[in-house]
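Taking it in order: structure first as structure tokens, then the write-up.
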Amino acid sequence: MIAITKTKFLILIFSILHTINIDENILGSSFIDLFQGSQYIKLSMSDYKEDGLSPYDYCSSETMIGQYSFLDFDVEKVAVKINQDKQLKEVMLKLKVWDGQHFYEKVTEKYGMPDTSSLSKYYIEKHGFEIPTTIKIDSVNNYYNNLPKPRIKDFPEVRSLSWYDVNNKSGKVLADLVIKNKSNPSNKFQKQEIWVVFRRAKK
Amino acid sequence: MCPGTGIAAAYQNYYFHLPAHWNSNFAAEKSADALAGAFFDLQKWFRTKTCGHLDQTALAFKLDEFIKDNFKEIGGQATRSAPLGWSGTVRAYKEDWMGSDDCYN
């Protein structure tokens, strides 16, 4: 009995030690460092699925769930794009959370308020506005100026939020961060799927 | 914080040329990603401008540059004029407002 308990304890410690917290610094490491000999999948056109991963070159396998985290939130899948110099060009972390506001509070604690946002139909209509495609081109400026700017509590309801040049210390790879809400914001009874994307900033 | 520039992009036609061996679903998703990249670049560029002031001509010019760059990156090409011999119908770009950009429609 004691032996079994010790074994479980050791397994628990082992899994904690092997959780890799991913942030913008990942862009400075290599594909090999990221996957560390673990299983990964090379994505190709012949394996096409409607999961939005086609633009990526590689993704993690199902067996890697629990191996990565972002701000202590478990990551379900990691997908990467590689550039011509074999560097990580983009790293996408797919995660699911129950409390989107809590997630964005932690994000803004680390990165501050986003530089820009893309609003959603849900958010725009909730605030009594029509969606942009119905606005006449002459009225766009006025429409734009009156749109409400989302606050942290609204972040789970917009399409995406962007932070630019988040890693501007010398010696680091300059990165942009985009966080995309992939779930329908009107459905409050399911986990929200969120994609956290670190992109190598263009010069 | 600026609410974004997607609402301000000028309306103009683009023709996307993609490798012939790509199947249609794969090509559509790669195109959607390239377009999303172009809008991202436009938004980042726009951030350096005075928020709240929209210059449609400048936006259209920069969007053109970013669309062409992003399609080149995926091994394709974006042009403002139709390829020689092309006889299809130009369709409106639609965004899936509940989620990701969508080039299927």
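Lettering and numbering for the structure tokens are positional, with chains as A, B, ... in the shown order, residues counted from 1 in each chain, and ligands counted from 1 in the shown order.
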Residues of chain A that approach chain B to 8 Å or less, counting only C-alpha atoms: could you list each one with the shortest pair of atoms and its distance in Å to one decimal, rows by chain and increasing residue number, as JSON lines?
{"residue": "A:Met45", "atom": "CA", "partner": "B:Phe26", "partner_atom": "CA", "distance": 6.2}
{"residue": "A:Tyr48", "atom": "CA", "partner": "B:Phe26", "partner_atom": "CA", "distance": 6.8}
{"residue": "A:Gly52", "atom": "CA", "partner": "B:Glu29", "partner_atom": "CA", "distance": 7.2}
{"residue": "A:Ser54", "atom": "CA", "partner": "B:Glu29", "partner_atom": "CA", "distance": 6.5}
{"residue": "A:Pro55", "atom": "CA", "partner": "B:Lys30", "partner_atom": "CA", "distance": 5.4}
{"residue": "A:Pro114", "atom": "CA", "partner": "B:Met1", "partner_atom": "CA", "distance": 7.0}
{"residue": "A:Asp115", "atom": "CA", "partner": "B:Met1", "partner_atom": "CA", "distance": 5.4}
{"residue": "A:Thr116", "atom": "CA", "partner": "B:Cys2", "partner_atom": "CA", "distance": 5.2}
{"residue": "A:Ser117", "atom": "CA", "partner": "B:Pro3", "partner_atom": "CA", "distance": 5.3}
{"residue": "A:Ser118", "atom": "CA", "partner": "B:Gly4", "partner_atom": "CA", "distance": 5.7}
{"residue": "A:Leu119", "atom": "CA", "partner": "B:Pro3", "partner_atom": "CA", "distance": 7.1}
{"residue": "A:Ser120", "atom": "CA", "partner": "B:Trp97", "partner_atom": "CA", "distance": 5.5}
{"residue": "A:Lys121", "atom": "CA", "partner": "B:Trp97", "partner_atom": "CA", "distance": 5.4}
{"residue": "A:Tyr122", "atom": "CA", "partner": "B:Met98", "partner_atom": "CA", "distance": 7.5}
{"residue": "A:Pro132", "atom": "CA", "partner": "B:Ile7", "partner_atom": "CA", "distance": 5.6}
{"residue": "A:Thr133", "atom": "CA", "partner": "B:Ile7", "partner_atom": "CA", "distance": 7.6}
{"residue": "A:Val140", "atom": "CA", "partner": "B:Ala8", "partner_atom": "CA", "distance": 7.0}
{"residue": "A:Asn141", "atom": "CA", "partner": "B:Leu54", "partner_atom": "CA", "distance": 6.8}
{"residue": "A:Tyr144", "atom": "CA", "partner": "B:Gly52", "partner_atom": "CA", "distance": 7.3}
{"residue": "A:Asn145", "atom": "CA", "partner": "B:Gly52", "partner_atom": "CA", "distance": 6.0}
{"residue": "A:Leu147", "atom": "CA", "partner": "B:Pro3", "partner_atom": "CA", "distance": 7.7}
{"residue": "A:Lys149", "atom": "CA", "partner": "B:Pro3", "partner_atom": "CA", "distance": 6.4}
{"residue": "A:Arg159", "atom": "CA", "partner": "B:Gly99", "partner_atom": "CA", "distance": 6.5}
{"residue": "A:Tyr164", "atom": "CA", "partner": "B:Lys44", "partner_atom": "CA", "distance": 7.2}
{"residue": "A:Asn181", "atom": "CA", "partner": "B:Gly99", "partner_atom": "CA", "distance": 6.9}
{"residue": "A:Lys182", "atom": "CA", "partner": "B:Gly99", "partner_atom": "CA", "distance": 5.1}
{"residue": "A:Ser183", "atom": "CA", "partner": "B:Gly99", "partner_atom": "CA", "distance": 6.6}
{"residue": "A:Asn184", "atom": "CA", "partner": "B:Met98", "partner_atom": "CA", "distance": 5.7}
{"residue": "A:Pro185", "atom": "CA", "partner": "B:Met98", "partner_atom": "CA", "distance": 7.6}
Which distance in Å separates CA of Ser162 in chain A and CA of Ile179 in chain A, to one decimal?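 Separating CA of Ser162 in chain A from CA of Ile179 in chain A is a distance of 6.5 Å.
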For range 57-64 of chain A: contacts at 6 Å, only C-alpha atoms, fewer than 3 positions along chain excluded, given as a PyMOL selection string: chain A and resi 39-43+67+77-81
What parts of range 103-199 of chain A does DSSP call alpha helix (DSSP H)? I'd like the answer as an MDAnalysis selection string. chainID A and resid 103:111 121:126 140:146
